[in-house]
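Everything below belongs to run31.cif, which stores mmCIF, C-alpha atoms and all ligand atoms.
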data_model
loop_
_atom_site.label_atom_id
_atom_site.label_comp_id
_atom_site.auth_asym_id
_atom_site.auth_seq_id
_atom_site.Cartn_x
_atom_site.Cartn_y
_atom_site.Cartn_z
CA MET A 1 21.67 28.33 29.58
CA THR A 2 21.42 25.31 27.26
CA ARG A 3 20.56 25.75 23.58
CA TYR A 4 17.05 24.43 24.10
CA GLU A 5 16.14 25.65 27.58
CA GLN A 6 13.00 27.56 26.57
CA SER A 7 11.73 24.71 24.38
CA ALA A 8 12.32 22.20 27.16
CA ALA A 9 10.48 24.42 29.67
CA LYS A 10 7.55 24.90 27.31
CA LEU A 11 7.28 21.16 26.74
CA GLN A 12 7.03 20.66 30.48
CA GLU A 13 4.27 23.27 30.68
CA ALA A 14 2.45 21.73 27.71
CA GLU A 15 2.52 18.27 29.29
CA THR A 16 0.22 19.56 32.02
CA TYR A 17 -2.55 20.51 29.62
CA LEU A 18 -1.85 18.85 26.28
CA ALA A 19 -1.98 15.07 26.18
CA GLY A 20 1.51 13.84 25.36
CA GLY A 21 2.81 17.42 25.30
CA VAL A 22 2.74 17.53 21.49
CA ALA A 23 -0.18 17.68 19.06
CA SER A 24 0.81 14.65 16.94
CA SER A 25 2.56 11.67 18.55
CA LEU A 26 5.43 11.55 16.04
CA ARG A 27 6.62 15.02 17.09
CA ALA A 28 7.61 13.75 20.53
CA SER A 29 10.53 11.87 18.96
CA MET A 30 12.61 14.96 18.20
CA LYS A 31 15.92 14.93 20.09
CA PRO A 32 17.14 16.39 22.37
CA THR A 33 13.68 17.91 22.86
CA PRO A 34 10.70 18.83 20.68
CA LEU A 35 11.31 22.43 19.60
CA TYR A 36 8.92 25.34 20.04
CA VAL A 37 8.84 27.70 17.09
CA GLN A 38 8.79 31.47 17.37
CA HIS A 39 8.40 32.24 13.70
CA ALA A 40 9.37 30.96 10.29
CA TYR A 41 9.90 32.56 6.91
CA GLY A 42 10.86 31.03 3.56
CA ALA A 43 13.28 28.15 4.14
CA ARG A 44 14.17 29.30 7.64
CA LEU A 45 12.76 28.96 11.09
CA ARG A 46 13.59 30.37 14.54
CA ASP A 47 12.85 28.60 17.80
CA VAL A 48 11.94 30.19 21.13
CA ASP A 49 15.57 29.90 22.27
CA GLN A 50 16.49 32.15 19.30
CA ASN A 51 18.24 29.35 17.43
CA GLU A 52 17.85 29.67 13.66
CA TYR A 53 17.54 26.75 11.28
CA ILE A 54 17.28 25.96 7.61
CA ASP A 55 14.18 23.82 7.59
CA TYR A 56 14.18 20.53 5.66
CA MET A 57 11.36 19.07 7.72
CA LEU A 58 8.84 21.56 6.33
CA ALA A 59 6.10 20.47 8.71
CA TYR A 60 6.36 16.86 7.40
CA GLY A 61 5.80 17.92 3.81
CA PRO A 62 3.04 20.45 3.20
CA LEU A 63 5.15 23.62 2.96
CA ILE A 64 6.00 23.32 -0.70
CA LEU A 65 6.21 27.13 -0.98
CA GLY A 66 8.19 27.43 2.27
CA HIS A 67 6.98 29.28 5.36
CA ALA A 68 4.81 32.41 5.23
CA HIS A 69 5.01 32.76 1.45
CA PRO A 70 3.88 36.36 0.78
CA ALA A 71 1.50 35.74 -2.15
CA PHE A 72 0.05 32.66 -0.43
CA ASN A 73 -0.49 34.56 2.83
CA GLU A 74 -2.11 37.43 0.95
CA ARG A 75 -4.58 34.95 -0.57
CA MET A 76 -5.29 33.53 2.88
CA ASN A 77 -5.94 37.02 4.29
CA GLN A 78 -8.30 37.82 1.44
CA ALA A 79 -10.14 34.53 1.90
CA LEU A 80 -10.64 35.18 5.62
CA GLN A 81 -12.17 38.59 4.88
CA ARG A 82 -14.92 36.75 2.99
CA GLY A 83 -15.60 34.40 5.92
CA SER A 84 -13.69 31.19 6.56
CA THR A 85 -16.43 28.59 6.20
CA TYR A 86 -20.15 28.54 5.50
CA GLY A 87 -21.31 24.95 5.65
CA MET A 88 -22.70 25.90 2.25
CA GLN A 89 -21.44 26.03 -1.28
CA HIS A 90 -19.19 28.70 -2.77
CA GLU A 91 -17.32 29.34 -5.98
CA GLY A 92 -13.92 28.51 -4.50
CA GLU A 93 -14.76 24.82 -4.30
CA ILE A 94 -15.88 24.70 -7.93
CA GLU A 95 -12.73 26.56 -8.96
CA LEU A 96 -10.35 24.25 -7.06
CA ALA A 97 -12.20 21.11 -8.17
CA ARG A 98 -12.06 22.24 -11.80
CA ARG A 99 -8.36 23.04 -11.58
CA LEU A 100 -7.59 19.68 -10.03
CA THR A 101 -9.40 17.89 -12.83
CA GLU A 102 -7.23 19.90 -15.24
CA VAL A 103 -3.87 19.12 -13.63
CA LEU A 104 -4.39 15.54 -12.37
CA PRO A 105 -4.52 13.11 -15.32
CA CYS A 106 -6.64 10.57 -13.39
CA ALA A 107 -9.26 13.08 -12.23
CA ASP A 108 -12.71 13.28 -13.76
CA GLN A 109 -14.02 14.51 -10.42
CA VAL A 110 -12.68 15.24 -6.94
CA ALA A 111 -13.95 15.27 -3.34
CA PHE A 112 -12.43 17.38 -0.57
CA SER A 113 -11.56 16.65 3.04
CA GLY A 114 -9.09 17.94 5.60
CA SER A 115 -6.29 15.39 6.02
CA GLY A 116 -4.57 12.62 4.14
CA THR A 117 -6.03 10.12 6.59
CA GLU A 118 -9.57 11.17 5.70
CA ALA A 119 -8.85 11.09 1.97
CA VAL A 120 -7.60 7.50 2.29
CA MET A 121 -10.70 6.54 4.31
CA LEU A 122 -12.94 7.89 1.54
CA ALA A 123 -10.93 6.21 -1.23
CA LEU A 124 -11.21 2.82 0.52
CA ARG A 125 -14.94 3.31 1.02
CA LEU A 126 -15.46 4.23 -2.64
CA ALA A 127 -13.48 1.16 -3.73
CA ARG A 128 -15.54 -1.18 -1.54
CA ALA A 129 -18.84 0.32 -2.66
CA TYR A 130 -17.78 0.19 -6.30
CA THR A 131 -16.61 -3.40 -6.32
CA GLY A 132 -18.90 -4.89 -3.68
CA LYS A 133 -15.75 -6.54 -2.23
CA SER A 134 -14.06 -5.82 1.08
CA LYS A 135 -10.36 -6.71 1.21
CA ILE A 136 -7.62 -4.15 0.72
CA VAL A 137 -4.07 -4.97 -0.36
CA ARG A 138 -1.45 -2.68 1.16
CA PHE A 139 2.33 -2.85 1.31
CA SER A 140 4.86 -3.18 4.11
CA GLY A 141 6.66 0.10 4.80
CA HIS A 142 3.93 2.26 3.29
CA TYR A 143 1.95 4.65 5.46
CA HIS A 144 -1.62 5.68 4.70
CA GLY A 145 -2.63 7.66 7.78
CA TRP A 146 -3.71 6.64 11.22
CA SER A 147 -7.31 5.46 10.77
CA ASP A 148 -8.16 2.08 12.30
CA ALA A 149 -9.04 0.79 8.86
CA ILE A 150 -5.43 0.75 7.62
CA PHE A 151 -2.95 1.65 10.35
CA THR A 152 -0.54 -1.21 10.94
CA SER A 153 2.54 -0.99 13.12
CA PHE A 154 4.98 1.36 11.47
CA PRO A 155 7.63 1.06 10.22
CA SER A 156 6.27 -2.39 9.77
CA PRO A 157 8.11 -4.95 11.89
CA ASP A 158 4.95 -6.89 11.12
CA PHE A 159 6.40 -7.58 7.68
CA ILE A 160 5.96 -11.21 6.73
CA ALA A 161 9.26 -11.93 5.01
CA SER A 162 7.91 -14.84 3.01
CA GLY A 163 5.20 -12.64 1.59
CA GLY A 164 2.85 -15.34 2.82
CA LEU A 165 -0.54 -14.33 4.07
CA GLY A 166 -1.86 -16.13 7.09
CA ASP A 167 -5.19 -17.50 5.94
CA ASP A 168 -7.11 -15.45 8.49
CA ASN A 169 -4.65 -12.52 8.46
CA THR A 170 -4.56 -12.28 12.21
CA ASP A 171 -0.81 -11.87 11.89
CA ILE A 172 -1.04 -8.17 11.00
CA ALA A 173 -0.27 -6.11 14.07
CA PRO A 174 -2.34 -3.01 14.85
CA GLY A 175 -0.37 0.23 14.77
CA THR A 176 -1.49 1.49 18.18
CA GLY A 177 -3.02 0.53 21.43
CA GLY A 178 -6.79 0.94 21.32
CA GLN A 179 -7.03 -0.33 17.75
CA SER A 180 -9.11 -3.44 17.38
CA ARG A 181 -7.41 -6.35 15.60
CA ASN A 182 -10.71 -6.78 13.79
CA SER A 183 -10.20 -3.46 12.07
CA LEU A 184 -7.37 -5.04 10.06
CA GLN A 185 -9.09 -8.27 9.14
CA ASP A 186 -9.70 -6.98 5.62
CA ILE A 187 -6.08 -5.93 5.10
CA LEU A 188 -3.67 -8.08 3.08
CA LEU A 189 -0.12 -6.92 3.77
CA ILE A 190 2.50 -7.82 1.17
CA PRO A 191 6.01 -6.67 0.17
CA TRP A 192 6.29 -3.84 -2.33
CA ASN A 193 8.28 -3.79 -5.55
CA ASP A 194 7.76 -7.54 -5.78
CA PRO A 195 5.65 -8.36 -8.85
CA ILE A 196 5.48 -12.06 -7.97
CA ALA A 197 4.03 -11.49 -4.50
CA LEU A 198 1.51 -9.10 -6.04
CA GLU A 199 0.46 -11.45 -8.80
CA GLU A 200 0.14 -14.40 -6.42
CA THR A 201 -1.98 -12.43 -3.96
CA LEU A 202 -4.27 -10.94 -6.57
CA THR A 203 -4.67 -14.25 -8.38
CA LYS A 204 -5.55 -16.07 -5.18
CA HIS A 205 -7.79 -13.46 -3.52
CA HIS A 206 -9.17 -11.31 -6.36
CA ASP A 207 -12.77 -12.31 -5.64
CA GLU A 208 -12.48 -10.60 -2.27
CA ILE A 209 -10.15 -7.70 -3.06
CA ALA A 210 -11.74 -4.26 -3.48
CA ALA A 211 -8.55 -2.22 -3.80
CA VAL A 212 -4.79 -2.16 -3.96
CA ILE A 213 -3.45 0.96 -2.26
CA THR A 214 0.15 2.03 -2.81
CA GLU A 215 2.48 4.96 -2.41
CA PRO A 216 3.82 5.46 -5.95
CA VAL A 217 7.28 6.06 -4.49
CA MET A 218 7.89 4.50 -1.07
CA CYS A 219 8.51 7.92 0.47
CA ASN A 220 7.76 6.86 4.03
CA SER A 221 10.44 4.15 4.00
CA GLY A 222 13.53 5.13 2.08
CA CYS A 223 12.08 7.19 -0.78
CA ILE A 224 12.35 4.04 -2.88
CA ALA A 225 11.27 4.28 -6.51
CA PRO A 226 9.26 1.48 -8.11
CA ARG A 227 11.29 -1.03 -10.13
CA THR A 228 10.97 -0.71 -13.89
CA GLY A 229 7.64 -2.12 -14.99
CA TYR A 230 6.30 -2.73 -11.48
CA MET A 231 3.64 -0.02 -11.40
CA GLU A 232 2.61 -0.90 -14.97
CA ARG A 233 2.19 -4.52 -13.88
CA MET A 234 0.13 -3.41 -10.88
CA ARG A 235 -2.09 -1.39 -13.20
CA GLU A 236 -2.49 -4.34 -15.58
CA LEU A 237 -3.31 -6.88 -12.86
CA THR A 238 -5.79 -4.67 -10.98
CA ALA A 239 -7.60 -3.84 -14.21
CA ARG A 240 -7.72 -7.53 -15.17
CA PHE A 241 -9.19 -8.57 -11.82
CA GLY A 242 -11.68 -5.70 -11.39
CA ILE A 243 -9.78 -4.25 -8.45
CA VAL A 244 -9.67 -0.49 -7.80
CA LEU A 245 -6.11 0.86 -7.95
CA ILE A 246 -5.53 3.67 -5.44
CA TRP A 247 -2.31 5.67 -5.54
CA ASP A 248 -1.75 7.41 -2.25
CA GLU A 249 -0.16 10.64 -3.44
CA VAL A 250 -0.43 12.46 -0.11
CA ILE A 251 3.34 13.06 -0.32
CA THR A 252 4.04 12.80 -4.07
CA GLY A 253 0.99 14.83 -5.17
CA PHE A 254 2.19 18.34 -6.13
CA ARG A 255 5.77 17.33 -5.26
CA LEU A 256 6.65 15.33 -8.36
CA GLY A 257 4.83 17.84 -10.56
CA LEU A 258 1.31 19.26 -10.62
CA GLY A 259 0.14 15.94 -12.06
CA GLY A 260 1.72 14.04 -9.15
CA ALA A 261 3.56 10.77 -9.57
CA HIS A 262 0.88 9.35 -11.85
CA GLY A 263 1.33 12.31 -14.19
CA ARG A 264 5.09 11.87 -14.07
CA PHE A 265 5.04 8.11 -14.62
CA GLY A 266 2.27 8.22 -17.23
CA ILE A 267 0.10 5.63 -15.46
CA THR A 268 -3.53 6.24 -14.60
CA PRO A 269 -4.78 4.79 -11.31
CA ASP A 270 -8.53 4.66 -10.65
CA LEU A 271 -8.31 6.92 -7.60
CA VAL A 272 -5.60 9.07 -6.06
CA THR A 273 -5.44 10.68 -2.64
CA ILE A 274 -3.62 13.99 -2.27
CA GLY A 275 -2.97 16.17 0.77
CA LYS A 276 0.05 17.85 2.39
CA ALA A 277 1.44 20.14 -0.37
CA LEU A 278 -2.03 20.62 -1.87
CA GLY A 279 -2.97 22.97 0.97
CA GLY A 280 0.48 24.56 1.36
CA GLY A 281 0.14 24.28 5.17
CA ILE A 282 -3.64 24.74 5.47
CA PRO A 283 -5.60 21.51 6.16
CA LEU A 284 -6.82 20.24 2.80
CA SER A 285 -6.91 16.87 1.08
CA ALA A 286 -8.73 15.34 -1.85
CA VAL A 287 -9.69 12.13 -3.53
CA ALA A 288 -9.59 12.38 -7.30
CA GLY A 289 -10.55 9.78 -9.84
CA LYS A 290 -12.68 8.16 -12.44
CA GLN A 291 -16.21 9.33 -13.03
CA ASP A 292 -17.86 5.93 -12.58
CA ILE A 293 -16.34 5.53 -9.11
CA MET A 294 -16.67 9.15 -7.98
CA ARG A 295 -20.32 9.19 -9.05
CA LEU A 296 -21.15 6.88 -6.13
CA ILE A 297 -21.07 10.05 -4.02
CA ALA A 298 -23.66 11.77 -6.23
CA SER A 299 -25.90 8.69 -6.24
CA GLY A 300 -25.84 8.61 -2.42
CA LYS A 301 -24.40 5.10 -2.32
CA VAL A 302 -21.29 6.48 -0.60
CA MET A 303 -21.58 9.05 2.15
CA HIS A 304 -18.84 11.65 2.16
CA LEU A 305 -19.09 13.88 5.19
CA GLY A 306 -17.13 16.55 7.03
CA THR A 307 -18.16 19.83 8.64
CA LEU A 308 -15.17 21.71 7.27
CA ASN A 309 -14.89 19.98 3.87
CA GLY A 310 -14.23 22.48 1.08
CA ASN A 311 -14.13 25.48 3.42
CA GLY A 312 -13.22 28.81 1.85
CA LEU A 313 -9.80 29.06 3.47
CA SER A 314 -8.68 25.62 2.34
CA THR A 315 -9.94 25.97 -1.23
CA ALA A 316 -8.25 29.39 -1.52
CA ALA A 317 -5.06 27.69 -0.26
CA GLY A 318 -5.29 24.94 -2.89
CA ILE A 319 -5.87 27.46 -5.69
CA ALA A 320 -2.97 29.64 -4.47
CA VAL A 321 -0.60 26.65 -4.37
CA ILE A 322 -1.56 25.57 -7.90
CA GLU A 323 -1.12 29.12 -9.22
CA GLU A 324 2.28 29.58 -7.60
CA LEU A 325 3.54 26.19 -8.77
CA ALA A 326 2.20 26.69 -12.30
CA LYS A 327 3.96 30.06 -12.79
CA GLY A 328 6.67 30.23 -15.48
CA ASN A 329 5.61 26.93 -16.99
CA GLY A 330 6.47 24.84 -13.93
CA GLN A 331 9.82 26.54 -13.19
CA ALA A 332 9.16 25.98 -9.48
CA PHE A 333 9.46 22.21 -9.93
CA VAL A 334 12.68 22.55 -11.93
CA HIS A 335 14.09 24.81 -9.20
CA MET A 336 13.12 22.45 -6.36
CA GLU A 337 14.41 19.41 -8.19
CA ASN A 338 17.72 21.12 -9.03
CA THR A 339 18.16 22.20 -5.42
CA ALA A 340 17.44 18.72 -4.07
CA SER A 341 19.65 17.05 -6.70
CA LEU A 342 22.56 19.38 -5.95
CA LEU A 343 22.26 18.81 -2.22
CA ALA A 344 21.96 15.04 -2.61
CA LYS A 345 24.89 14.88 -5.05
CA GLU A 346 27.20 17.00 -2.89
CA MET A 347 26.28 15.10 0.27
CA ARG A 348 26.99 11.78 -1.46
CA SER A 349 30.47 12.91 -2.44
CA LEU A 350 31.10 14.39 1.00
CA PHE A 351 30.17 11.11 2.71
CA LYS A 352 32.31 9.22 0.21
CA ARG A 353 35.33 11.47 0.85
CA GLN A 354 34.94 10.93 4.58
CA GLY A 355 34.51 7.17 4.16
CA ILE A 356 31.00 7.11 5.64
CA PRO A 357 28.74 4.55 3.98
CA ALA A 358 25.51 6.32 3.06
CA VAL A 359 22.75 6.08 0.49
CA ILE A 360 20.53 8.97 -0.62
CA ASN A 361 17.43 8.10 -2.62
CA GLN A 362 16.09 11.22 -4.25
CA LEU A 363 13.09 11.80 -6.46
CA GLY A 364 12.21 15.42 -7.23
CA PRO A 365 12.18 17.66 -4.15
CA VAL A 366 12.21 14.86 -1.60
CA PHE A 367 14.97 12.46 -0.56
CA HIS A 368 15.86 9.96 2.13
CA LEU A 369 19.35 9.90 3.66
CA MET A 370 20.35 6.57 5.19
CA PHE A 371 23.60 5.47 6.80
CA ILE A 372 24.07 1.98 5.43
CA ASP A 373 26.89 0.00 3.88
CA ARG A 374 25.07 -1.06 0.73
CA PRO A 375 25.37 0.11 -2.85
CA GLU A 376 21.64 0.86 -2.94
CA VAL A 377 18.45 0.71 -0.89
CA ALA A 378 15.76 -0.61 -3.17
CA ASP A 379 13.47 -2.57 -0.84
CA PHE A 380 11.99 -2.40 2.65
CA ASP A 381 14.19 -5.19 4.04
CA THR A 382 17.37 -3.32 3.11
CA PHE A 383 15.88 -0.04 4.39
CA ASN A 384 15.37 -1.67 7.78
CA GLN A 385 19.10 -2.42 7.97
CA ARG A 386 20.11 1.28 7.98
CA ASP A 387 21.92 2.64 11.03
CA THR A 388 19.07 4.53 12.72
CA GLY A 389 21.18 5.31 15.80
CA LEU A 390 23.84 7.05 13.73
CA TYR A 391 21.21 9.01 11.82
CA ALA A 392 19.54 10.11 15.06
CA ARG A 393 22.91 11.44 16.28
CA PHE A 394 23.47 13.13 12.95
CA ALA A 395 20.04 14.83 13.11
CA GLU A 396 20.68 16.05 16.63
CA GLU A 397 24.13 17.39 15.75
CA MET A 398 22.75 19.06 12.62
CA LEU A 399 20.36 21.02 14.83
CA LYS A 400 23.37 22.50 16.62
CA GLU A 401 24.67 23.64 13.24
CA GLY A 402 21.37 25.29 12.36
CA ILE A 403 19.90 22.61 10.12
CA LEU A 404 16.51 21.11 10.94
CA VAL A 405 15.95 17.59 9.58
CA ARG A 406 13.42 14.92 10.39
CA PRO A 407 14.73 12.27 12.79
CA ASN A 408 13.73 9.52 10.33
CA GLY A 409 15.90 10.68 7.40
CA LEU A 410 13.32 12.11 4.98
CA TRP A 411 14.23 15.59 3.70
CA TYR A 412 11.90 17.98 1.89
CA VAL A 413 12.92 20.95 -0.25
CA SER A 414 10.60 23.89 -1.00
CA THR A 415 10.58 26.62 -3.64
CA ALA A 416 12.20 28.85 -1.00
CA HIS A 417 15.35 26.70 -0.74
CA GLY A 418 18.21 27.58 -3.06
CA GLU A 419 21.97 27.51 -3.48
CA ASP A 420 22.64 29.54 -0.33
CA GLU A 421 20.80 27.01 1.78
CA VAL A 422 22.61 24.14 0.04
CA LYS A 423 26.01 25.72 0.72
CA GLU A 424 25.26 26.33 4.39
CA THR A 425 23.90 22.82 4.73
CA LEU A 426 27.00 21.22 3.25
CA VAL A 427 29.26 23.15 5.63
CA ALA A 428 27.12 21.87 8.50
CA VAL A 429 27.17 18.26 7.25
CA GLU A 430 30.95 18.32 6.96
CA LYS A 431 31.38 19.66 10.49
CA VAL A 432 28.90 17.21 11.95
CA MET A 433 30.41 14.19 10.24
CA LYS A 434 33.89 15.13 11.47
CA ARG A 435 32.52 15.46 15.00
CA ILE A 436 30.65 12.16 14.83
CA GLY A 437 33.71 10.43 13.40
CA GLN A 438 35.94 11.50 16.28
C1 LIG B 501 1.44 8.55 1.94
C2 LIG B 501 0.65 9.14 3.06
N1 LIG B 501 -0.68 8.92 3.12
C3 LIG B 501 -1.46 9.43 4.10
C4 LIG B 501 -0.90 10.20 5.10
C5 LIG B 501 -1.77 10.75 6.18
O1 LIG B 501 -1.91 12.15 6.00
P1 LIG B 501 -2.31 13.07 7.24
O2 LIG B 501 -1.16 13.08 8.17
O3 LIG B 501 -2.58 14.41 6.60
O4 LIG B 501 -3.55 12.48 7.83
C6 LIG B 501 0.48 10.45 5.09
C7 LIG B 501 1.10 11.26 6.15
O5 LIG B 501 2.29 11.36 6.30
C8 LIG B 501 1.27 9.90 4.06
O6 LIG B 501 2.61 10.08 4.01
#
Translate the structure described by the file into structure tokens.
Ligand SMILES: Cc1ncc(COP(=O)(O)O)c(C=O)c1O
Amino acid sequence: MTRYEQSAAKLQEAETYLAGGVASSLRASMKPTPLYVQHAYGARLRDVDQNEYIDYMLAYGPLILGHAHPAFNERMNQALQRGSTYGMQHEGEIELARRLTEVLPCADQVAFSGSGTEAVMLALRLARAYTGKSKIVRFSGHYHGWSDAIFTSFPSPDFIASGGLGDDNTDIAPGTGGQSRNSLQDILLIPWNDPIALEETLTKHHDEIAAVITEPVMCNSGCIAPRTGYMERMRELTARFGIVLIWDEVITGFRLGLGGAHGRFGITPDLVTIGKALGGGIPLSAVAGKQDIMRLIASGKVMHLGTLNGNGLSTAAGIAVIEELAKGNGQAFVHMENTASLLAKEMRSLFKRQGIPAVINQLGPVFHLMFIDRPEVADFDTFNQRDTGLYARFAEEMLKEGILVRPNGLWYVSTAHGEDEVKETLVAVEKVMKRIGQ
């Protein structure tokens, strides 16, 4: 019996009924086979073949409290007893909206939806309605969900190295079959962390640009932090040109602190999108921002729709996550950051000792591990030079040692991870690297 026999058999069964065999295309990439989970608790997960793992994938980010957190689950049970959704108003949505306006510095008001993709769609719509302009500046290597309006091929081989924009922008490749090229005609794709490219683009096209949308840390491609002064410059330029600045905090929101990256960096965008950790594993996302933009929803100029928006289960989840993370004056963030820093530091020295060129970019409880012979990875071009084949082997071998990591190199830490998990992980890394080196 192989280690993954049951998972492999279940995938085969799923492929008969479930298109693609998995529920989200990315999940198909797990090697040697997508795993089927039996149960998960805290930082650990067991698959149907009875293999146990420390989980650093954390469902691609939302499980900031780990799996099946007792207090969180208790809140979910209580919420379900009251009925999951009403298609009407209830106090939970006022409560969560109020709390978000308290913890997110940019938020005068918020609007709820179910996924990060939807939150981004709403933010773009608000920006266009507010400015009366249509173009959106986005950055190579960033990901903002899979809607036709913004999904470009990813990671972006469509990157235009010169930073030049074709005059008609037809050079931006759609991210998927079935996506009309026309859907991207309003997108201007430029390199990130490059103040000159930004200034040139905004100066040239500001009459047409409704919004600049950015991940505040390039979590989807290398967990790259903004260069000193870059985000400040972006804020300055967008304000000068009457362009809405959207920070896509679907990953960083609630990970870099309750106030997200904008709270941490002390910069106020006009709108932010948050998702993932906000719902702790229950579908929930939000757009938060300035009163004069958000009020377009109240005036009816912008339609914001969704059958399940603000349902009782999701708002109870959001409130529970905030309460757990706020306990002990934010101790949870200190704990997560310490755990991630320790793990990143020890892995760096382990790789160094073994003579394996690697870079780990870490910010708070999220980091990207890349095998690359460079002193640092600070831009998308360098990120694209990492050894993806070696990392894929590493991820697969780590599974055998009981450590679950995303095949792309991004690791998440939750409040449930601690020193025990770090120790076990380091033992596994050492074994795996010796094996790979042989
Ligand atoms: C920065 C960012 N924005 C938006 C999204 C889309 O969120 P969702 O997968 O919930 O639609 C993601 C998902 O990974 C993301 O990382």
Subject >> Distance filter 8 Å around ligand LIG 501 (chain B), atoms: all atoms listed in the file, out as a ChimeraX atom specification >> reply: /A:60-61,114-120,142-146,215,219-220,248-252,273-276,283,285
Original post:
In Å, with one decimal, what is the gap from CA of Leu100 (chain A) to CA of Ala59 (chain A)?
Top reply: 23.2 Å
Original post:
Any idea what's packed within 12 Å of Gly437 (chain A), counting all atoms listed in the file, ignoring anything in its chain fewer than 5 positions away? Could you give it as a list in words?
Top reply: Phe351, Gln354, Gly355, Ile356, Leu390, Arg393, Phe394, Val429, Glu430, Lys431 and Val432 of chain A
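Minimum distance to Gln331 (chain A) across A:Val359, A:Met370, A:Leu258, A:Ala123 (counting all atoms listed in the file) occurs at A:Leu258.
Here CA of Leu35 (chain A) and CA of Leu369 (chain A) stand 21.8 Å from one another.
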Original post:
From the list A:Leu96, A:Phe254, A:Tyr86, A:Leu11, which residue is nearest Ala326 (chain A) when using all atoms listed in the file?
Top reply: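 Result for the nearest residue to Ala326 (chain A): A:Phe254.
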